[in-house]
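Have a look at run-v6.cif below; it lists mmCIF, C-alpha atoms and all ligand atoms.
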```cif
data_final
#
loop_
_atom_site.label_atom_id
_atom_site.label_comp_id
_atom_site.auth_asym_id
_atom_site.auth_seq_id
_atom_site.Cartn_x
_atom_site.Cartn_y
_atom_site.Cartn_z
CA MET A 1 -27.94 -9.26 13.00
CA GLY A 2 -24.31 -10.33 13.23
CA LYS A 3 -21.55 -7.98 12.23
CA SER A 4 -19.41 -8.66 9.18
CA PHE A 5 -15.81 -7.67 8.50
CA ALA A 6 -13.25 -8.22 5.76
CA VAL A 7 -9.75 -7.49 4.61
CA ILE A 8 -9.46 -6.30 1.02
CA GLY A 9 -6.33 -6.52 -1.11
CA ASP A 10 -4.54 -8.57 -3.72
CA PRO A 11 -3.05 -11.09 -3.07
CA ILE A 12 -5.19 -11.90 -0.06
CA ASP A 13 -5.17 -15.67 0.41
CA HIS A 14 -2.15 -15.61 2.75
CA SER A 15 -3.55 -12.83 4.94
CA LEU A 16 -3.45 -13.68 8.64
CA SER A 17 -6.14 -11.11 9.53
CA PRO A 18 -9.18 -13.44 9.16
CA ASN A 19 -7.61 -15.88 11.63
CA ILE A 20 -6.61 -13.18 14.11
CA HIS A 21 -10.03 -11.47 14.16
CA SER A 22 -12.02 -14.72 14.12
CA ALA A 23 -10.08 -15.86 17.18
CA ALA A 24 -11.09 -12.65 18.95
CA PHE A 25 -14.77 -13.20 18.07
CA ARG A 26 -14.61 -16.76 19.44
CA GLU A 27 -12.84 -15.63 22.60
CA LEU A 28 -15.50 -12.99 23.36
CA ASN A 29 -18.49 -14.88 21.92
CA LEU A 30 -19.22 -12.13 19.41
CA ASP A 31 -21.70 -12.75 16.62
CA SER A 32 -19.28 -11.51 13.96
CA SER A 33 -17.49 -12.89 10.92
CA TYR A 34 -14.32 -11.80 9.06
CA ILE A 35 -13.27 -12.85 5.57
CA GLY A 36 -10.46 -12.18 3.08
CA TYR A 37 -11.89 -10.52 -0.04
CA ARG A 38 -9.69 -10.25 -3.13
CA ILE A 39 -10.07 -6.96 -4.97
CA PRO A 40 -7.55 -6.66 -7.83
CA LYS A 41 -5.82 -3.35 -8.59
CA GLY A 42 -8.14 -1.17 -10.72
CA GLU A 43 -11.30 -2.75 -9.34
CA LEU A 44 -11.47 -0.97 -6.00
CA GLU A 45 -14.53 1.14 -6.75
CA SER A 46 -16.77 -1.77 -7.78
CA GLY A 47 -15.29 -3.92 -5.02
CA ILE A 48 -16.27 -1.54 -2.25
CA GLU A 49 -19.72 -1.00 -3.81
CA GLY A 50 -20.20 -4.70 -3.16
CA LEU A 51 -19.12 -4.29 0.46
CA LYS A 52 -21.59 -1.42 0.89
CA LYS A 53 -24.38 -3.57 -0.54
CA ILE A 54 -23.82 -6.34 1.98
CA ARG A 55 -23.65 -3.69 4.73
CA ILE A 56 -20.17 -4.64 5.86
CA THR A 57 -19.53 -3.29 9.38
CA GLY A 58 -15.88 -2.55 8.76
CA PHE A 59 -12.84 -3.67 6.80
CA ASN A 60 -9.08 -3.63 6.66
CA VAL A 61 -7.25 -2.45 3.57
CA THR A 62 -3.94 -3.86 2.41
CA ILE A 63 -1.63 -3.85 -0.63
CA PRO A 64 -2.32 -2.42 -3.25
CA HIS A 65 -5.23 -0.26 -2.03
CA LYS A 66 -4.02 1.60 1.06
CA ILE A 67 -3.56 4.92 -0.75
CA GLU A 68 -6.28 4.70 -3.40
CA MET A 69 -8.88 3.84 -0.75
CA MET A 70 -8.48 7.40 0.60
CA LYS A 71 -10.61 8.61 -2.35
CA TYR A 72 -13.62 6.62 -1.16
CA LEU A 73 -13.68 7.82 2.43
CA ASP A 74 -16.34 10.21 3.72
CA LYS A 75 -14.48 10.94 6.94
CA MET A 76 -10.92 10.55 8.12
CA ASP A 77 -9.28 10.05 11.46
CA GLU A 78 -6.15 12.17 12.01
CA SER A 79 -3.91 9.08 11.80
CA CYS A 80 -5.21 8.52 8.30
CA SER A 81 -4.95 12.10 7.03
CA ILE A 82 -1.41 12.61 8.35
CA ILE A 83 -0.07 9.38 6.89
CA GLY A 84 -2.03 9.66 3.65
CA ALA A 85 -2.99 5.99 3.68
CA VAL A 86 -5.80 3.97 5.20
CA ASN A 87 -5.79 0.42 6.59
CA THR A 88 -9.01 0.34 8.64
CA VAL A 89 -12.50 1.50 7.65
CA VAL A 90 -15.69 1.78 9.68
CA ASN A 91 -18.97 1.69 7.74
CA ASN A 92 -21.63 3.66 9.57
CA GLU A 93 -24.79 3.21 7.47
CA GLY A 94 -22.97 3.86 4.22
CA VAL A 95 -20.65 6.54 5.62
CA PHE A 96 -17.03 5.34 5.45
CA LYS A 97 -14.57 6.60 8.06
CA GLY A 98 -10.89 5.73 7.61
CA TYR A 99 -8.16 5.13 10.18
CA ASN A 100 -4.53 4.11 9.98
CA THR A 101 -3.76 1.66 12.78
CA ASP A 102 -0.25 0.84 11.46
CA MET A 103 1.07 3.82 13.43
CA ASP A 104 -0.28 2.64 16.79
CA GLY A 105 0.50 -0.94 15.75
CA PHE A 106 4.14 0.03 15.34
CA LEU A 107 4.28 1.80 18.72
CA GLU A 108 2.48 -0.90 20.68
CA PRO A 109 5.35 -3.43 21.10
CA LEU A 110 7.62 -0.61 22.30
CA LYS A 111 5.02 0.49 24.85
CA LYS A 112 4.55 -3.10 25.99
CA ARG A 113 8.29 -3.22 26.78
CA ASP A 114 8.27 0.22 28.44
CA ILE A 115 10.68 1.52 25.82
CA SER A 116 10.26 5.24 25.33
CA ILE A 117 11.04 6.71 21.92
CA GLN A 118 11.37 10.18 23.33
CA ASP A 119 14.96 11.45 23.03
CA LYS A 120 16.08 8.36 21.11
CA LYS A 121 18.25 8.36 18.00
CA ILE A 122 16.63 6.20 15.39
CA LEU A 123 17.69 4.64 12.11
CA LEU A 124 14.89 3.69 9.71
CA ILE A 125 15.79 1.46 6.77
CA GLY A 126 13.20 1.71 3.99
CA ALA A 127 10.91 4.46 2.76
CA GLY A 128 7.73 2.79 1.51
CA GLY A 129 4.14 2.98 2.72
CA ALA A 130 4.71 1.28 6.06
CA ALA A 131 7.70 3.56 6.72
CA ARG A 132 5.39 6.58 6.50
CA ALA A 133 3.17 5.25 9.28
CA ILE A 134 6.28 4.49 11.34
CA VAL A 135 7.61 8.04 10.84
CA ALA A 136 4.26 9.43 12.02
CA GLY A 137 4.54 7.26 15.15
CA ILE A 138 8.12 8.33 15.80
CA ALA A 139 7.08 11.99 15.46
CA LYS A 140 4.12 11.49 17.80
CA GLU A 141 6.49 10.12 20.44
CA LYS A 142 9.04 12.89 19.83
CA ALA A 143 12.27 11.07 19.03
CA LYS A 144 15.50 13.06 19.24
CA SER A 145 16.53 12.35 15.66
CA LEU A 146 15.68 10.15 12.72
CA ASP A 147 18.02 8.99 9.97
CA ILE A 148 16.42 7.36 6.95
CA THR A 149 18.24 5.12 4.49
CA ASN A 150 16.78 3.43 1.44
CA ARG A 151 17.75 1.75 -1.83
CA THR A 152 16.16 4.60 -3.83
CA ILE A 153 17.54 7.77 -2.31
CA ASP A 154 14.74 9.98 -3.73
CA ASN A 155 12.17 8.03 -1.71
CA ALA A 156 14.28 8.48 1.43
CA ASN A 157 14.51 12.23 0.73
CA ASN A 158 10.74 12.50 0.32
CA LEU A 159 10.12 10.66 3.57
CA SER A 160 12.74 12.76 5.31
CA GLU A 161 10.91 15.88 4.14
CA PHE A 162 7.65 14.50 5.49
CA ALA A 163 9.35 13.69 8.82
CA THR A 164 10.71 17.23 9.08
CA LYS A 165 7.30 18.68 8.26
CA ILE A 166 5.70 16.80 11.14
CA GLY A 167 8.30 17.97 13.63
CA LEU A 168 11.25 15.56 13.54
CA THR A 169 14.93 16.28 13.08
CA ALA A 170 15.42 13.99 10.11
CA HIS A 171 18.21 13.27 7.64
CA THR A 172 18.78 10.95 4.72
CA LYS A 173 21.77 8.62 4.81
CA LYS A 174 23.25 6.71 1.91
CA MET A 175 22.93 2.94 2.32
CA GLU A 176 26.69 2.46 1.73
CA GLY A 177 27.69 4.82 4.53
CA VAL A 178 25.25 3.64 7.16
CA ASN A 179 27.57 1.16 8.88
CA GLU A 180 30.07 3.89 9.76
CA ASN A 181 27.86 5.56 12.34
CA ILE A 182 25.77 2.58 13.28
CA LYS A 183 26.88 2.50 16.91
CA ASN A 184 25.12 5.83 17.52
CA TYR A 185 21.57 4.53 17.16
CA ASP A 186 19.29 3.55 20.04
CA ILE A 187 16.73 1.89 17.78
CA ILE A 188 17.21 0.40 14.29
CA ILE A 189 14.12 -0.45 12.26
CA ASN A 190 13.83 -2.45 9.05
CA SER A 191 10.77 -1.32 7.09
CA THR A 192 11.87 -2.68 3.72
CA SER A 193 10.39 -5.91 2.44
CA LEU A 194 13.85 -7.53 2.61
CA GLY A 195 13.51 -10.80 4.50
CA LEU A 196 10.13 -11.70 3.08
CA LYS A 197 11.83 -13.91 0.51
CA ASN A 198 14.69 -14.82 2.84
CA GLU A 199 16.93 -12.00 1.61
CA LEU A 200 19.97 -11.09 3.71
CA SER A 201 19.84 -8.28 6.25
CA PRO A 202 20.32 -4.84 4.65
CA ILE A 203 22.89 -3.93 7.35
CA GLY A 204 25.67 -5.60 9.33
CA PHE A 205 25.54 -5.69 13.14
CA GLU A 206 29.31 -5.90 13.88
CA ASN A 207 29.52 -2.31 15.15
CA VAL A 208 26.04 -1.93 16.63
CA ASN A 209 25.88 -0.75 20.23
CA GLN A 210 24.96 -3.50 22.69
CA LYS A 211 22.02 -1.43 24.00
CA THR A 212 20.46 -0.90 20.58
CA ILE A 213 16.95 -2.23 20.02
CA VAL A 214 16.39 -3.89 16.67
CA TYR A 215 12.90 -3.87 15.17
CA ASP A 216 11.91 -5.72 11.98
CA ILE A 217 8.46 -5.11 10.52
CA VAL A 218 8.65 -8.07 8.13
CA TYR A 219 6.57 -10.73 9.90
CA SER A 220 6.97 -13.72 7.65
CA PRO A 221 9.25 -15.52 8.24
CA MET A 222 9.27 -14.60 11.91
CA ASN A 223 13.06 -14.95 12.13
CA THR A 224 14.39 -12.95 9.20
CA ASP A 225 18.12 -12.74 8.60
CA PHE A 226 17.96 -9.20 10.07
CA ILE A 227 16.44 -10.58 13.31
CA LYS A 228 18.78 -13.59 13.39
CA LYS A 229 21.90 -11.44 13.06
CA ALA A 230 20.68 -9.09 15.80
CA LYS A 231 20.01 -12.06 18.07
CA GLU A 232 23.49 -13.45 17.39
CA LYS A 233 24.79 -10.14 18.76
CA LYS A 234 22.46 -10.63 21.78
CA LEU A 235 20.54 -7.44 21.00
CA GLU A 236 16.94 -6.95 22.09
CA VAL A 237 14.65 -7.60 19.12
CA ILE A 238 11.06 -6.73 18.25
CA TYR A 239 9.36 -8.97 15.70
CA GLY A 240 7.18 -7.92 12.78
CA TYR A 241 4.31 -10.05 14.06
CA GLU A 242 4.09 -7.79 17.12
CA MET A 243 3.33 -4.77 14.93
CA LEU A 244 0.83 -6.83 12.94
CA LEU A 245 -0.87 -7.79 16.17
CA GLY A 246 -0.76 -4.17 17.35
CA GLN A 247 -2.56 -2.86 14.25
CA ALA A 248 -5.13 -5.68 14.47
CA THR A 249 -5.94 -5.11 18.15
CA ARG A 250 -6.28 -1.36 17.50
CA ALA A 251 -8.65 -2.04 14.55
CA PHE A 252 -10.64 -4.42 16.78
CA GLU A 253 -11.02 -1.70 19.38
CA ILE A 254 -12.21 0.85 16.81
CA TRP A 255 -14.82 -1.56 15.44
CA HIS A 256 -16.08 -3.11 18.65
CA GLY A 257 -15.51 -0.35 21.19
CA MET A 258 -13.97 -2.77 23.67
CA LYS A 259 -10.54 -4.01 24.62
CA ALA A 260 -9.16 -6.60 22.22
CA PRO A 261 -8.36 -10.10 23.55
CA TYR A 262 -4.63 -9.74 22.90
CA ASN A 263 -3.55 -13.22 23.96
CA ALA A 264 -6.19 -15.06 21.93
CA MET A 265 -5.29 -12.97 18.88
CA LYS A 266 -1.57 -13.58 19.43
CA LYS A 267 -2.11 -17.32 19.69
CA ALA A 268 -4.07 -17.37 16.43
CA LEU A 269 -1.39 -15.30 14.71
CA LEU A 270 1.52 -17.44 15.88
CA GLY A 271 -0.41 -20.57 14.91
CA GLY A 272 -0.35 -19.20 11.38
CA PHE A 273 3.44 -19.54 11.13
P1 LIG B 1 6.41 -0.70 -0.08
O1 LIG B 1 6.38 -1.45 -1.35
O2 LIG B 1 5.64 0.56 0.04
O3 LIG B 1 7.96 -0.37 0.29
C1 LIG B 1 8.97 -1.31 0.14
C2 LIG B 1 10.29 -0.83 0.72
O4 LIG B 1 11.25 -1.90 0.63
C3 LIG B 1 10.90 0.36 -0.01
O5 LIG B 1 11.66 1.12 0.88
C4 LIG B 1 11.80 -0.34 -1.04
O6 LIG B 1 12.86 0.46 -1.49
C5 LIG B 1 12.34 -1.47 -0.19
N1 LIG B 1 12.81 -2.59 -1.01
C6 LIG B 1 12.04 -3.48 -1.70
N2 LIG B 1 12.82 -4.38 -2.32
C7 LIG B 1 14.10 -4.05 -2.02
C8 LIG B 1 15.38 -4.60 -2.37
N3 LIG B 1 15.48 -5.68 -3.15
N4 LIG B 1 16.49 -4.03 -1.85
C9 LIG B 1 16.41 -2.93 -1.06
N5 LIG B 1 15.25 -2.38 -0.71
C10 LIG B 1 14.11 -2.92 -1.18
O7 LIG B 1 5.97 -1.76 1.02
P2 LIG B 1 5.37 -1.47 2.49
O8 LIG B 1 6.06 -0.31 3.07
O9 LIG B 1 3.91 -1.48 2.43
O10 LIG B 1 5.80 -2.82 3.25
C11 LIG B 1 7.17 -3.14 3.51
C12 LIG B 1 7.25 -4.43 4.29
O11 LIG B 1 6.65 -4.27 5.57
C13 LIG B 1 6.51 -5.62 3.67
O12 LIG B 1 7.31 -6.76 3.83
C14 LIG B 1 5.25 -5.75 4.48
O13 LIG B 1 4.79 -7.09 4.56
C15 LIG B 1 5.72 -5.28 5.85
N6 LIG B 1 4.65 -4.71 6.66
C16 LIG B 1 4.47 -5.18 7.93
C17 LIG B 1 3.50 -4.67 8.73
C18 LIG B 1 3.32 -5.23 10.10
O14 LIG B 1 2.27 -4.97 10.71
N7 LIG B 1 4.27 -5.95 10.63
C19 LIG B 1 2.61 -3.59 8.28
C20 LIG B 1 2.89 -3.13 6.94
C21 LIG B 1 3.88 -3.68 6.16
P3 LIG B 1 12.71 1.40 -2.82
O15 LIG B 1 12.11 2.69 -2.34
O16 LIG B 1 14.09 1.52 -3.30
O17 LIG B 1 11.81 0.66 -3.77
#
```

Once more with this new file: its structure as structure tokens, please.
Amino acid sequence: MGKSFAVIGDPIDHSLSPNIHSAAFRELNLDSSYIGYRIPKGELESGIEGLKKIRITGFNVTIPHKIEMMKYLDKMDESCSIIGAVNTVVNNEGVFKGYNTDMDGFLEPLKKRDISIQDKKILLIGAGGAARAIVAGIAKEKAKSLDITNRTIDNANNLSEFATKIGLTAHTKKMEGVNENIKNYDIIINSTSLGLKNELSPIGFENVNQKTIVYDIVYSPMNTDFIKKAKEKKLEVIYGYEMLLGQATRAFEIWHGMKAPYNAMKKALLGGF
């Protein structure tokens, strides 16, 4: 029998995951299918009962269920328990095991470029769910220091506390003061949703060091204002789609136990823009 996969969330019709995974199945001639399945907030329990009934092999979890889904897991990978959110589930005969591949997905484009995080000074803008997975990745790779800035300072403080707990030297910075010390950072990451609706970059790049790497996790549009301004300064940039691809290839490897066809998945993803 073929294997079946899905991504659950709401909204789900613009999700790129069905295209990315279907391309991988075609590339490797796998008898598998992958669909987008809308489960509205508040209907998660009955939604996943349905998935169990059809004996789904595995599924991805996206907004708004990444945290609530934790309740319905029987087992958890370390990535999932540390971050406190799940984006990938394996169904082994009714036993659900959760993973969080956003962390490895975030690290993957850096590894591809041979950029080491170790001993780097990092600025993270944003303190939402994705930021938590990023902080876990930064801690795993032992960065020298992490400054976190965010619109709501309480959220930045909470994330900073989490970062400290998992071994980082972390501090909160006020959004207004961030530009003053901006030349000190080796890597600057945008993990807010700013850009998604063509909003302006949350920071200016006038004083950024020429060696600084600029990483946006917003993947649509591909060229956000944040990325465009960094490119105008001729800084090295990492696009949000690269993280998206990283989490998808990692999920593929968990489900199928083989190396993901990166190029075929990338082509399908970029075709979606
Ligand atoms: P959350 O809703 O958990 O967090 C949103 C973050 O953006 C918070 O820090 C929030 O600040 C900030 N924010 C939202 N609106 C504004 C605004 N108008 N001005 C300033 N700050 C704002 O979302 P996620 O963390 O799940 O996702 C964030 C973004 O990352 C999304 O665009 C998502 O698509 C993208 N993403 C990309 C992935 C990839 O693989 N490339 C993976 C996961 C997410 P505050 O705390 O003040 O509300």

Val135 of chain A: which residues within 12 Å, counting all atoms listed in the file, same-chain residues fewer than 3 positions away excluded, as a PyMOL selection string? chain A and resi 79+82-83+102-104+106-107+117+122-132+138-143+145-148+156+158-170+189+191

I'd like the contact shell of segment 61-67 of chain A - 8 Å cut-off, all atoms listed in the file, skipping same-chain residues fewer than 3 positions apart - returned as a list in words.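 Using all atoms listed in the file, the neighbours found are Val7, Ile8, Gly9, Asp10, Pro11, Lys41, Leu44, Met70, Gly84, Ala85, Val86, Asn87, Thr88 and Val89 of chain A.
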
Residue nearest ligand LIG 1 (chain B) among A:Ser32, A:Asn198, A:Ser220, A:Thr57 (counting only C-alpha atoms and all ligand atoms):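 Of the candidates, the smallest distance to ligand LIG 1 (chain B) is held by A:Ser220.
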
Box time for segment 23-27 of chain A: axis-aligned, enclosing all its listed atoms, 6 Å extra on each side; report centre and edge lengths in Å to one decimal, as AutoDock Vina command-line options.
```
--center_x -12.4 --center_y -14.7 --center_z 19.9 --size_x 16.7 --size_y 16.1 --size_z 17.4
```

Quick one: residues within 12 Å of Glu236 of chain A, all atoms listed in the file, excluding same-chain residues fewer than 3 positions away - as a PyMOL selection string? chain A and resi 110+113+115+186-188+208-216+227-233+239

Identify which of the residues A:Val90, A:Met243, A:Leu196, A:Ile12 lies closest to Asp74 of chain A, counting only C-alpha atoms when measuring atom-to-atom distances.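 Between A:Val90, A:Met243, A:Leu196, A:Ile12, the residue approaching Asp74 of chain A most closely is A:Val90.
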
In Å to one decimal, how far is atom CA of Lys197 of chain A from atom CA of Phe59 of chain A? 27.4 Å

Quick one, how far is atom O6 of ligand LIG 1 (chain B) from atom CA of Ile182 of chain A?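 Atom O6 of ligand LIG 1 (chain B) sits 19.7 Å away from atom CA of Ile182 of chain A.
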
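Taking all atoms listed in the file into account, Asn91 of chain A lies nearest to A:Ile56 out of the set A:Ile56, A:Leu194, A:Val178, A:Ile203.
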
Counting all atoms listed in the file, which of A:Gly204, A:Gly50, A:Phe96, A:Thr224 gets nearest to Tyr72 of chain A? A:Phe96

Length of the atom CA of Gly257 of chain A to atom CA of Ser81 of chain A vector [Å]: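 Atom-to-atom, atom CA of Gly257 of chain A and atom CA of Ser81 of chain A are spaced 21.6 Å apart.
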
Looking at A:Leu16, A:Leu30, A:Met258, A:Ile35, which one is nearest to Leu270 of chain A, with distances taken over all atoms listed in the file?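 For Leu270 of chain A, the nearest of the given residues is A:Leu16.
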
For Asp31 of chain A, work out the shell of residues within 10 Å, counting all atoms listed in the file and skipping chain neighbours fewer than 2 positions away, then give it as a list of chain:residue names.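 Result of the neighbour search: A:Met1, A:Gly2, A:Lys3, A:Ser4, A:Phe25, A:Arg26, A:Leu28, A:Asn29, A:Ser33.
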
Out of A:Pro109, A:Gly137, A:Gly47, A:Gly195, which residue has the shortest atom-to-atom distance to Tyr262 of chain A when counting only C-alpha atoms? A:Pro109

For segment 54-67 of chain A, where the input has fewer atoms than it should, I would like N, CA and C atoms rebuilt and written as a compact mmCIF listing (two decimals), in the coordinates of the input.
```txt
# COMPACT_ATOMS: atom_id res chain seq x y z
N ILE A 54 -23.61 -5.32 0.94
CA ILE A 54 -23.82 -6.34 1.98
C ILE A 54 -23.75 -5.74 3.39
N ARG A 55 -23.69 -4.42 3.45
CA ARG A 55 -23.65 -3.69 4.73
C ARG A 55 -22.53 -4.19 5.65
N ILE A 56 -21.34 -4.25 5.07
CA ILE A 56 -20.17 -4.64 5.86
C ILE A 56 -20.02 -3.66 7.03
N THR A 57 -19.67 -4.17 8.21
CA THR A 57 -19.53 -3.29 9.38
C THR A 57 -18.22 -2.52 9.34
N GLY A 58 -17.19 -3.20 8.84
CA GLY A 58 -15.88 -2.55 8.76
C GLY A 58 -14.93 -3.43 7.98
N PHE A 59 -13.82 -2.84 7.51
CA PHE A 59 -12.84 -3.67 6.80
C PHE A 59 -11.44 -3.11 6.90
N ASN A 60 -10.48 -4.02 6.76
CA ASN A 60 -9.08 -3.63 6.66
C ASN A 60 -8.70 -3.52 5.18
N VAL A 61 -7.70 -2.69 4.94
CA VAL A 61 -7.25 -2.45 3.57
C VAL A 61 -5.75 -2.77 3.52
N THR A 62 -5.37 -3.58 2.53
CA THR A 62 -3.94 -3.86 2.41
C THR A 62 -3.48 -3.68 0.96
N ILE A 63 -2.23 -4.04 0.69
CA ILE A 63 -1.63 -3.85 -0.63
C ILE A 63 -2.57 -4.40 -1.71
N PRO A 64 -2.89 -3.70 -2.81
CA PRO A 64 -2.32 -2.42 -3.25
C PRO A 64 -3.25 -1.21 -3.03
N HIS A 65 -4.17 -1.27 -2.09
CA HIS A 65 -5.23 -0.26 -2.03
C HIS A 65 -5.12 0.80 -0.94
N LYS A 66 -4.07 0.73 -0.13
CA LYS A 66 -4.02 1.60 1.06
C LYS A 66 -4.08 3.09 0.74
N ILE A 67 -3.54 3.49 -0.38
CA ILE A 67 -3.56 4.92 -0.75
C ILE A 67 -4.82 5.25 -1.55
```
